Amino acid sequence: MSLKGKVAVVAGATRGCGRGIAVELGAAGTTVYCTGRSTRGNPSDLNRPETIEETAELVTKAGGIGIAVRVDHTQEDQVKALFERVRAEQNGRLDILVNDVWGGDPLVEWGKPFWELDVAQGWRLLERSVYSHILTSRYAVPLMVERDAGLIVEVTDGDSLSYRGNFFYDLVKTTVIRLAYAMAEEFKSNRYVGEGGAKSAEAPKGITAVALTPGFLRSEAMLEHFGVTEANWRDAIAKDPYYAESETPHYIGRAVVALACDPNVHQKAGKALATWHLSREYGFKDIDGRQPHWQEFFDRMQARKSSAE
């Protein structure tokens, strides 16, 4: 699958899904703007070692063109400047936008009911992980509208409305799914009407927005949590048997590439998609040759647990 000549912005490309998606887009020949807050010598408040420069270098090594741009996606002036730069450098072209901004791990208070949560902390989580997505799309989409073409991927956790174990975390991840649905509705709408009943804009029907979730992710932080590396990740199964069906960030990256290469991707507009379903549909595999299907595995594990009880 080739995306040579295409231009992408991966917002939140420092690590995890964002890095995996950026690298796989690079492997398909894409020019990828890799954005985030962590740069060499200037980490974000998460204080992790990964940087956007590393991601950009990996994109280039994979066969694309990686461009690192430091952006705090909660700051409107920085987001606006990013897309002004893309417009200037790429002759107005933007084919793919991936909204993977998160930065919320230290803000989630697991194990507390919502009436005991720090509301200001929860609001900060919403700013980082929902408002940032809205702001980024707001300034990215006009470039797509001009060409009436583009793909927007909202990275989330889970493809259903089932509860995700924490009030604010659940609110973020389900809202991100709704963002994709709402954008898809706007793209097909004919309801843009100004004063006096005059139509103010034509619906850009060539743009597709979807939400996409990975399964159990072997991110840098998760490998560190289990005290393993990608080379010996299976050792962590003894600590958590669900890790047996985990997937690398490249898996969701290959899902994004498959979507971007699909001429009929518009049929998926507004839907919440999952790596495990798309891998069966498009035939891609993870970098270790596996094709994990998180939903089937989880259902089997839960059935065993129920029968044992």
# chains A, B, ... in the order shown; residues from 1 in each chain; ligands from 1

call {"tool": "select_by_dssp", "arguments": {"residues": "segment 8-229 of chain A", "states": "helix (DSSP H, G or I)", "output": "PyMOL selection string"}}
result
chain A and resi 16-27+52-62+76-89+105-107+114-116+119-147+167-188+195-197+220-226

call {"tool": "residues_around", "arguments": {"residues": "Glu127 of chain A", "least_positions_apart": "3", "cutoff": "10 Å", "atoms": "only C-alpha atoms", "output": "count of residues only"}}
result
14

call {"tool": "residues_around", "arguments": {"residues": "Val23 of chain A", "least_positions_apart": "3", "cutoff": "10 Å", "atoms": "only C-alpha atoms", "output": "list of chain:residue names"}}
result
A:Ala13, A:Cys17, A:Gly18, A:Arg19, A:Gly20, A:Gly26, A:Ala27, A:Ala28, A:Gly29, A:Thr30, A:Val32, A:Cys34, A:Thr55, A:Ala56, A:Glu57, A:Leu58, A:Val59, A:Thr60, A:Lys61, A:Ala62, A:Gly63, A:Gly64, A:Ile65, A:Gly66, A:Pro249, A:His250, A:Gly253, A:Arg254

call {"tool": "select_by_dssp", "arguments": {"residues": "segment 105-298 of chain A", "states": "strand (DSSP E or B)", "output": "PyMOL selection string"}}
result
chain A and resi 150-155+193+199+207-213+217+247+272-274

call {"tool": "atom_distance", "arguments": {"atom1": "atom CA of Arg164 of chain A", "atom2": "atom CA of Met301 of chain A"}}
result
17.9 Å
